[in-house]
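Q: Below is the file data.txt, which contains compact mmCIF, C-alpha atoms.
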# COMPACT_ATOMS: atom_id res chain seq x y z
CA MET Q 1 63.56 28.41 -56.31
CA LYS Q 2 62.32 25.30 -58.05
CA GLU Q 3 62.84 23.24 -54.87
CA VAL Q 4 60.86 25.76 -52.83
CA LEU Q 5 57.95 25.62 -55.29
CA VAL Q 6 57.99 21.82 -55.21
CA THR Q 7 57.96 21.88 -51.40
CA ILE Q 8 55.05 24.35 -51.32
CA GLN Q 9 53.17 22.16 -53.78
CA THR Q 10 53.86 19.16 -51.53
CA VAL Q 11 52.44 21.02 -48.53
CA TYR Q 12 49.21 21.77 -50.36
CA GLN Q 13 48.93 18.19 -51.61
CA TYR Q 14 49.51 16.97 -48.06
CA LEU Q 15 46.84 19.28 -46.63
CA GLU Q 16 44.41 18.41 -49.40
CA LYS Q 17 44.66 14.69 -48.59
CA LEU Q 18 43.83 15.32 -44.93
CA GLY Q 19 40.58 17.09 -45.60
CA PRO Q 20 39.69 20.70 -44.78
CA LYS Q 21 38.98 20.35 -41.04
CA LYS Q 22 42.10 18.40 -40.06
CA SER Q 23 44.40 20.31 -42.39
CA PHE Q 24 43.12 23.66 -41.10
CA GLN Q 25 43.71 22.67 -37.46
CA ILE Q 26 47.23 21.39 -38.16
CA LEU Q 27 48.14 24.45 -40.23
CA LYS Q 28 46.68 26.76 -37.59
CA ASN Q 29 48.53 25.13 -34.67
CA LEU Q 30 51.84 24.36 -36.33
CA GLY Q 31 52.23 27.29 -38.63
CA TYR Q 32 53.12 27.24 -42.29
CA GLU Q 33 56.90 27.39 -41.77
CA LYS Q 34 57.06 24.26 -39.59
CA LEU Q 35 54.88 22.35 -41.97
CA LEU Q 36 56.89 23.54 -44.95
CA SER Q 37 60.14 22.46 -43.29
CA LEU Q 38 58.79 19.03 -42.32
CA THR Q 39 57.28 18.25 -45.71
CA GLY Q 40 60.61 19.10 -47.28
CA LYS Q 41 62.38 16.39 -45.27
CA VAL Q 42 59.84 13.57 -45.01
CA PRO Q 43 58.21 11.82 -47.99
CA LYS Q 44 54.73 13.21 -48.54
CA GLU Q 45 53.10 9.77 -48.66
CA ARG Q 46 54.48 8.81 -45.26
CA LEU Q 47 53.38 12.07 -43.69
CA ILE Q 48 49.89 11.61 -45.07
CA VAL Q 49 49.62 8.02 -43.77
CA LEU Q 50 50.93 8.94 -40.31
CA THR Q 51 48.74 12.02 -40.00
CA GLN Q 52 45.65 10.10 -41.11
CA LYS Q 53 46.25 7.55 -38.34
CA LEU Q 54 46.74 10.19 -35.65
CA SER Q 55 44.53 12.93 -34.31
CA GLU Q 56 45.41 16.51 -35.17
CA GLU Q 57 46.13 17.17 -31.47
CA THR Q 58 48.64 14.31 -31.40
CA VAL Q 59 50.32 15.48 -34.60
CA VAL Q 60 50.70 19.02 -33.25
CA GLU Q 61 51.99 17.80 -29.88
CA LEU Q 62 54.43 15.45 -31.58
CA VAL Q 63 55.90 18.15 -33.81
CA ASN Q 64 56.07 20.68 -30.99
CA GLN Q 65 57.69 18.41 -28.38
CA ILE Q 66 60.17 16.45 -30.47
CA PRO Q 67 62.94 18.33 -32.29
CA GLU Q 68 62.45 18.19 -36.04
CA LYS Q 69 65.78 16.48 -36.72
CA ILE Q 70 64.94 13.65 -34.31
CA LEU Q 71 61.35 13.39 -35.55
CA VAL Q 72 62.52 13.07 -39.15
CA GLU Q 73 64.97 10.35 -38.12
CA MET Q 74 62.25 8.56 -36.13
CA ILE Q 75 60.02 8.47 -39.19
CA ARG Q 76 62.88 7.28 -41.37
CA GLU Q 77 63.99 4.50 -39.00
CA ASN Q 78 60.56 3.11 -38.07
CA ASP Q 79 57.69 1.60 -40.01
CA ASP Q 80 54.41 3.52 -39.99
CA ASP Q 81 52.58 0.89 -37.94
CA ASP Q 82 55.40 0.61 -35.39
CA LEU Q 83 55.61 4.37 -35.02
CA VAL Q 84 51.85 4.73 -34.60
CA TYR Q 85 51.88 1.97 -31.98
CA PHE Q 86 54.61 3.77 -30.02
CA ILE Q 87 52.71 7.05 -30.22
CA HIS Q 88 49.45 5.47 -29.05
CA SER Q 89 51.09 3.40 -26.29
CA LEU Q 90 53.35 6.02 -24.72
CA SER Q 91 52.60 9.56 -23.70
CA ILE Q 92 54.08 12.18 -26.01
CA ALA Q 93 56.17 13.40 -23.07
CA ASP Q 94 57.67 9.91 -22.56
CA LEU Q 95 58.13 9.45 -26.29
CA ALA Q 96 59.98 12.77 -26.43
CA ILE Q 97 62.31 11.65 -23.61
CA VAL Q 98 62.97 8.30 -25.31
CA SER Q 99 63.56 9.88 -28.71
CA LYS Q 100 66.06 12.36 -27.27
CA SER Q 101 67.90 9.74 -25.19
CA ILE Q 102 67.95 6.61 -27.35
CA PRO Q 103 68.99 6.94 -31.00
CA PRO Q 104 65.97 6.47 -33.32
CA HIS Q 105 67.97 3.81 -35.18
CA ASP Q 106 68.18 1.77 -31.95
CA VAL Q 107 64.47 2.21 -31.24
CA GLY Q 108 63.76 1.05 -34.78
CA LEU Q 109 66.04 -1.95 -34.33
CA LEU Q 110 64.29 -2.81 -31.07
CA ALA Q 111 60.86 -2.64 -32.71
CA LYS Q 112 61.94 -4.64 -35.76
CA THR Q 113 63.55 -7.37 -33.64
CA LEU Q 114 61.14 -7.72 -30.72
CA GLY Q 115 58.06 -6.12 -32.23
CA PRO Q 116 56.52 -2.84 -31.07
CA GLU Q 117 54.41 -4.51 -28.36
CA ALA Q 118 57.41 -6.11 -26.63
CA SER Q 119 59.45 -2.93 -27.07
CA VAL Q 120 56.80 -0.88 -25.30
CA GLU Q 121 56.56 -3.57 -22.62
CA VAL Q 122 60.28 -3.16 -21.88
CA LEU Q 123 59.95 0.61 -21.56
CA LYS Q 124 56.83 0.43 -19.40
CA SER Q 125 57.88 -2.50 -17.20
CA LEU Q 126 61.30 -1.09 -16.36
CA GLY Q 127 60.24 2.53 -16.47
CA ILE Q 128 61.38 5.08 -19.02
CA GLN Q 129 64.31 6.46 -17.02
CA LYS Q 130 65.62 3.03 -15.98
CA SER Q 131 65.35 1.72 -19.53
CA ILE Q 132 67.25 4.71 -20.86
CA SER Q 133 69.95 4.40 -18.17
CA LEU Q 134 70.53 0.72 -18.95
CA LEU Q 135 70.46 1.11 -22.72
CA LYS Q 136 73.12 3.78 -22.36
CA GLU Q 137 75.34 1.20 -20.66
CA ILE Q 138 75.02 -1.53 -23.26
CA PRO Q 139 74.67 -1.30 -27.04
CA MET Q 140 71.22 -2.16 -28.39
CA ARG Q 141 72.59 -5.15 -30.30
CA ASP Q 142 74.04 -6.58 -27.08
CA PHE Q 143 70.69 -6.13 -25.34
CA LEU Q 144 68.93 -7.92 -28.19
CA TRP Q 145 71.54 -10.69 -28.03
CA LEU Q 146 70.72 -11.10 -24.34
CA VAL Q 147 66.99 -11.27 -25.07
CA ASP Q 148 67.65 -13.90 -27.72
CA LYS Q 149 69.62 -16.00 -25.25
CA ILE Q 150 67.34 -15.87 -22.22
CA GLN Q 151 64.03 -14.36 -23.42
CA LEU Q 152 62.50 -11.06 -22.43
CA GLN Q 153 60.55 -11.88 -19.26
CA PRO Q 154 63.54 -13.16 -17.23
CA ILE Q 155 65.44 -9.97 -18.12
CA ILE Q 156 62.53 -7.78 -17.04
CA GLN Q 157 62.17 -9.78 -13.81
CA LEU Q 158 65.89 -9.50 -13.05
CA VAL Q 159 66.32 -5.83 -13.89
CA ASN Q 160 63.12 -4.85 -12.09
CA GLU Q 161 64.60 -6.10 -8.82
CA LEU Q 162 68.03 -4.56 -9.26
CA SER Q 163 68.97 -0.93 -9.01
CA VAL Q 164 70.53 0.85 -11.96
CA ALA Q 165 73.74 1.19 -9.93
CA ASP Q 166 73.90 -2.59 -9.35
CA CYS Q 167 73.24 -3.29 -13.02
CA LYS Q 168 76.05 -0.93 -13.97
CA LYS Q 169 78.43 -2.63 -11.51
CA TRP Q 170 77.67 -6.03 -12.99
CA ILE Q 171 78.06 -4.83 -16.58
CA LYS Q 172 81.31 -3.05 -15.78
CA GLN Q 173 82.91 -5.97 -13.93
CA ARG Q 174 81.41 -9.08 -15.57
CA GLY Q 175 79.88 -7.93 -18.85
CA LEU Q 176 76.91 -9.80 -20.31
CA GLU Q 177 78.43 -13.02 -21.61
CA GLU Q 178 78.05 -15.01 -18.36
CA LEU Q 179 74.56 -13.79 -17.58
CA PRO Q 180 72.63 -16.29 -19.76
CA ILE Q 181 74.72 -19.13 -18.30
CA LEU Q 182 74.06 -18.08 -14.71
CA LEU Q 183 70.36 -17.43 -15.22
CA LYS Q 184 69.83 -20.79 -16.92
CA PHE Q 185 71.83 -22.60 -14.24
CA PHE Q 186 70.40 -20.97 -11.11
CA GLY Q 187 67.12 -19.55 -12.40
CA VAL Q 188 66.18 -15.88 -12.09
CA SER Q 189 64.59 -16.22 -8.64
CA ASN Q 190 67.66 -17.93 -7.18
CA VAL Q 191 70.01 -15.38 -8.71
CA LEU Q 192 67.94 -12.63 -7.12
CA GLU Q 193 68.06 -14.45 -3.77
CA ILE Q 194 71.86 -14.58 -3.99
CA PHE Q 195 72.03 -10.87 -4.75
CA LYS Q 196 69.60 -10.17 -1.93
CA LYS Q 197 71.63 -12.18 0.57
CA LEU Q 198 75.11 -11.04 -0.42
CA GLY Q 199 74.55 -7.71 -2.10
CA MET Q 200 75.99 -6.96 -5.52
CA ASN Q 201 79.49 -6.09 -4.29
CA GLN Q 202 79.86 -9.33 -2.33
CA ALA Q 203 78.36 -11.43 -5.11
CA LEU Q 204 80.83 -9.97 -7.60
CA ALA Q 205 83.71 -10.46 -5.16
CA MET Q 206 82.74 -14.11 -4.63
CA MET Q 207 82.59 -14.74 -8.36
CA GLN Q 208 85.97 -13.17 -8.83
CA LEU Q 209 87.38 -15.20 -5.95
CA LEU Q 210 85.98 -18.59 -6.99
CA GLY Q 211 85.51 -18.29 -10.72
CA THR Q 212 82.21 -18.88 -12.51
CA ARG Q 213 82.56 -22.62 -13.12
CA GLU Q 214 83.92 -23.30 -9.64
CA MET Q 215 81.06 -21.38 -8.06
CA MET Q 216 78.51 -23.38 -10.04
CA GLU Q 217 80.19 -26.67 -9.14
CA LEU Q 218 80.32 -25.65 -5.48
CA SER Q 219 76.61 -24.79 -5.62
CA VAL Q 220 75.79 -28.28 -6.94
CA LEU Q 221 77.93 -29.82 -4.21
CA LEU Q 222 76.24 -27.78 -1.47
CA SER Q 223 72.79 -28.60 -2.82
CA LYS Q 224 73.46 -32.30 -2.17
CA MET Q 225 74.39 -31.74 1.47
CA ASN Q 226 71.86 -32.10 4.26
CA LEU Q 227 72.53 -28.79 5.94
CA ASP Q 228 70.56 -27.03 8.64
CA LEU Q 229 70.66 -23.28 9.20
CA GLN Q 230 70.07 -23.83 12.92
CA ASN Q 231 73.47 -25.47 13.25
CA ILE Q 232 75.22 -22.18 12.55
CA PRO Q 233 76.45 -20.77 15.89
CA SER Q 234 74.81 -17.47 16.76
CA HIS Q 235 78.14 -15.81 17.53
CA LEU Q 236 79.32 -16.21 13.94
CA HIS Q 237 78.88 -13.08 11.91
CA SER Q 238 79.14 -12.54 8.18
CA LYS Q 239 82.43 -11.16 7.00
CA PRO Q 240 82.70 -9.32 3.74
CA VAL Q 241 84.95 -10.82 1.11
CA VAL Q 242 87.82 -8.46 0.55
CA LEU Q 243 89.96 -9.13 -2.46
CA GLU Q 244 93.48 -7.86 -2.16
CA LYS Q 245 94.68 -5.98 -5.15
CA GLN Q 246 97.86 -7.37 -6.55
CA LYS Q 247 100.60 -4.91 -6.01
CA SER Q 248 102.58 -4.19 -9.08
CA LYS Q 249 106.20 -5.08 -8.70
CA VAL Q 250 108.38 -2.09 -8.31
CA SER Q 251 111.81 -2.51 -9.74
CA PRO Q 252 114.47 -1.78 -7.13
CA LYS Q 253 116.02 1.58 -7.46
CA LYS Q 254 119.57 1.52 -8.58
CA LYS Q 255 121.99 3.12 -6.22
CA ALA Q 256 123.30 6.28 -7.63
CA ALA Q 257 126.99 6.09 -8.44
CA PRO Q 258 129.07 8.16 -6.05
CA LYS Q 259 129.98 11.48 -7.48
CA LYS Q 260 133.62 11.91 -8.33
CA LYS Q 261 135.29 14.61 -6.41
CA LYS Q 262 136.66 17.32 -8.53
CA VAL Q 263 140.41 17.61 -8.24
CA VAL Q 264 141.45 21.20 -8.18
CA LYS Q 265 144.97 21.72 -9.39
CA ARG Q 266 146.85 24.17 -7.32
CA SER Q 267 149.18 26.51 -9.01
CA HIS Q 268 152.68 26.56 -7.58
Written as structure tokens, how would this file's structure read?
A:
Amino acid sequence: MKEVLVTIQTVYQYLEKLGPKKSFQILKNLGYEKLLSLTGKVPKERLIVLTQKLSEETVVELVNQIPEKILVEMIRENDDDDLVYFIHSLSIADLAIVSKSIPPHDVGLLAKTLGPEASVEVLKSLGIQKSISLLKEIPMRDFLWLVDKIQLQPIIQLVNELSVADCKKWIKQRGLEELPILLKFFGVSNVLEIFKKLGMNQALAMMQLLGTREMMELSVLLSKMNLDLQNIPSHLHSKPVVLEKQKSKVSPKKKAAPKKKKVVKRSH
């Protein structure tokens, strides 16, 4: 009972700080129960600061579109300024999709590491759905490691040109460790040209066939040659690289020992 009274008191203190007009609109549109529940789970001071920085329409839309559990976690995992920036930069509908698909802790980590501006740039440049699909494939810490190694813009440029399916193929077969090496060696534009020419499957097959270092050394060697595309005979056609799967050795079956014939004793 005491906790309920404290929560009710918190609600009134919260509404009082907002002023009569704003508090009336929020109370009218959200209802007392929703407000009571939210103020019981989020520190009053934080709610006041956030609500003061947002319009009453935005507050109502936010509470109505994002499940309370996720909203509470979002507030807990993000600074006020970062959260307000996200809310002002993305539509509430997009923010709701992001909050339901990417753990609030990861969004908070993204904002703290890259800053809210760069975080929003990732989501907007790649598109909400594509960003979500990729961040489901790799842990947030691995993504941030990649950004640290090769910067944000090359990643955006690369991923923008590739399909989600191709990105998944690369991640599944090669992981992320080689990517900074390849992008620094070839440059993003050249890597994209290779993918465009060969396709992701062929590019992956070639890397598996040659090895990363050998492919890079071969590229340097070829770059020194004075080659002319016109010298390629027209009747030559591209052949896909097919890697044979190593067959597992099957141990020879042992011949079954011949069954002993039963000797039936005849009675005399």
Q: Report, in Å to a single decimal, how far apart CA of Glu33 (chain Q) and CA of Ala96 (chain Q) are.
A: 21.4 Å
Q: Can you pull out every residue within 8 Å of region 58-61 of chain Q, counting all atoms listed in the file, but drop anything in the same chain fewer than 2 positions away, and send it as a CSV table (one decimal) with C-alpha atoms, in the coordinates of the input?
A:
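For reference, out.csv as written:
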chain,number,residue,atom,x,y,z
Q,26,ILE,CA,47.2,21.4,-38.2
Q,29,ASN,CA,48.5,25.1,-34.7
Q,30,LEU,CA,51.8,24.4,-36.3
Q,51,THR,CA,48.7,12.0,-40.0
Q,54,LEU,CA,46.7,10.2,-35.6
Q,55,SER,CA,44.5,12.9,-34.3
Q,56,GLU,CA,45.4,16.5,-35.2
Q,63,VAL,CA,55.9,18.2,-33.8
Q,64,ASN,CA,56.1,20.7,-31.0
Q,65,GLN,CA,57.7,18.4,-28.4
Q,92,ILE,CA,54.1,12.2,-26.0
Q: For CA of Val42 (chain Q) and CA of Val72 (chain Q), determine how far apart the two atoms are, in Å to one decimal place.
A: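 CA of Val72 (chain Q) lies 6.5 Å from CA of Val42 (chain Q).
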Q: Suppose you want the space between CA of Leu134 (chain Q) and CA of Leu62 (chain Q); what is it in Å?
A: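 Those two atoms sit 25.2 Å apart.
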Q: Pick the closest to Ile171 (chain Q) from Q:Leu210, Q:Leu47, Q:Lys130, Q:Leu204: which is it, counting only C-alpha atoms?
A: Q:Leu204
Q: Just add N, CA and C atoms to region 103-134 of chain Q and send it as a short mmCIF file (atom, residue, chain, number, x, y, z; two decimals), in the frame of the given file.
A:
data_model
loop_
_atom_site.label_atom_id
_atom_site.label_comp_id
_atom_site.auth_asym_id
_atom_site.auth_seq_id
_atom_site.Cartn_x
_atom_site.Cartn_y
_atom_site.Cartn_z
N PRO Q 103 68.98 6.64 -29.56
CA PRO Q 103 68.99 6.94 -31.00
C PRO Q 103 67.80 6.29 -31.72
N PRO Q 104 67.12 7.03 -32.59
CA PRO Q 104 65.97 6.47 -33.32
C PRO Q 104 66.31 5.17 -34.05
N HIS Q 105 67.56 5.05 -34.51
CA HIS Q 105 67.97 3.81 -35.18
C HIS Q 105 67.86 2.63 -34.22
N ASP Q 106 68.26 2.84 -32.95
CA ASP Q 106 68.18 1.77 -31.95
C ASP Q 106 66.74 1.43 -31.60
N VAL Q 107 65.90 2.45 -31.51
CA VAL Q 107 64.47 2.21 -31.24
C VAL Q 107 63.86 1.42 -32.39
N GLY Q 108 64.24 1.78 -33.61
CA GLY Q 108 63.76 1.05 -34.78
C GLY Q 108 64.23 -0.39 -34.79
N LEU Q 109 65.48 -0.60 -34.40
CA LEU Q 109 66.04 -1.95 -34.33
C LEU Q 109 65.32 -2.78 -33.27
N LEU Q 110 65.03 -2.15 -32.15
CA LEU Q 110 64.29 -2.81 -31.07
C LEU Q 110 62.91 -3.25 -31.55
N ALA Q 111 62.22 -2.34 -32.22
CA ALA Q 111 60.86 -2.64 -32.71
C ALA Q 111 60.87 -3.72 -33.79
N LYS Q 112 61.86 -3.65 -34.67
CA LYS Q 112 61.94 -4.64 -35.76
C LYS Q 112 62.29 -6.03 -35.23
N THR Q 113 63.09 -6.08 -34.16
CA THR Q 113 63.55 -7.37 -33.64
C THR Q 113 62.53 -7.99 -32.67
N LEU Q 114 62.05 -7.20 -31.74
CA LEU Q 114 61.14 -7.72 -30.72
C LEU Q 114 59.67 -7.49 -31.06
N GLY Q 115 59.43 -6.54 -31.96
CA GLY Q 115 58.06 -6.12 -32.23
C GLY Q 115 57.73 -4.91 -31.37
N PRO Q 116 56.83 -4.05 -31.83
CA PRO Q 116 56.52 -2.84 -31.07
C PRO Q 116 55.89 -3.12 -29.71
N GLU Q 117 55.08 -4.19 -29.63
CA GLU Q 117 54.41 -4.51 -28.36
C GLU Q 117 55.44 -4.84 -27.27
N ALA Q 118 56.38 -5.72 -27.61
CA ALA Q 118 57.41 -6.11 -26.63
C ALA Q 118 58.33 -4.93 -26.31
N SER Q 119 58.59 -4.10 -27.30
CA SER Q 119 59.45 -2.93 -27.07
C SER Q 119 58.81 -1.98 -26.07
N VAL Q 120 57.53 -1.74 -26.24
CA VAL Q 120 56.80 -0.88 -25.30
C VAL Q 120 56.74 -1.53 -23.92
N GLU Q 121 56.60 -2.85 -23.90
CA GLU Q 121 56.56 -3.57 -22.62
C GLU Q 121 57.86 -3.37 -21.83
N VAL Q 122 58.98 -3.41 -22.54
CA VAL Q 122 60.28 -3.16 -21.88
C VAL Q 122 60.29 -1.78 -21.25
N LEU Q 123 59.92 -0.78 -22.03
CA LEU Q 123 59.95 0.61 -21.56
C LEU Q 123 59.00 0.83 -20.39
N LYS Q 124 57.82 0.23 -20.47
CA LYS Q 124 56.83 0.43 -19.40
C LYS Q 124 57.15 -0.39 -18.16
N SER Q 125 57.61 -1.62 -18.35
CA SER Q 125 57.88 -2.50 -17.20
C SER Q 125 59.06 -2.00 -16.38
N LEU Q 126 60.10 -1.57 -17.07
CA LEU Q 126 61.30 -1.09 -16.36
C LEU Q 126 61.19 0.38 -15.98
N GLY Q 127 60.32 1.08 -16.67
CA GLY Q 127 60.24 2.53 -16.47
C GLY Q 127 61.11 3.22 -17.50
N ILE Q 128 60.67 4.37 -17.95
CA ILE Q 128 61.38 5.08 -19.02
C ILE Q 128 62.81 5.42 -18.62
N GLN Q 129 62.97 6.02 -17.45
CA GLN Q 129 64.31 6.46 -17.02
C GLN Q 129 65.26 5.29 -16.82
N LYS Q 130 64.77 4.20 -16.22
CA LYS Q 130 65.62 3.03 -15.98
C LYS Q 130 66.01 2.38 -17.30
N SER Q 131 65.06 2.29 -18.21
CA SER Q 131 65.35 1.72 -19.53
C SER Q 131 66.42 2.52 -20.25
N ILE Q 132 66.28 3.83 -20.20
CA ILE Q 132 67.25 4.71 -20.86
C ILE Q 132 68.63 4.55 -20.22
N SER Q 133 68.67 4.53 -18.88
CA SER Q 133 69.95 4.40 -18.17
C SER Q 133 70.67 3.11 -18.55
N LEU Q 134 69.92 2.01 -18.64
CA LEU Q 134 70.53 0.72 -18.95
C LEU Q 134 70.96 0.63 -20.41
#
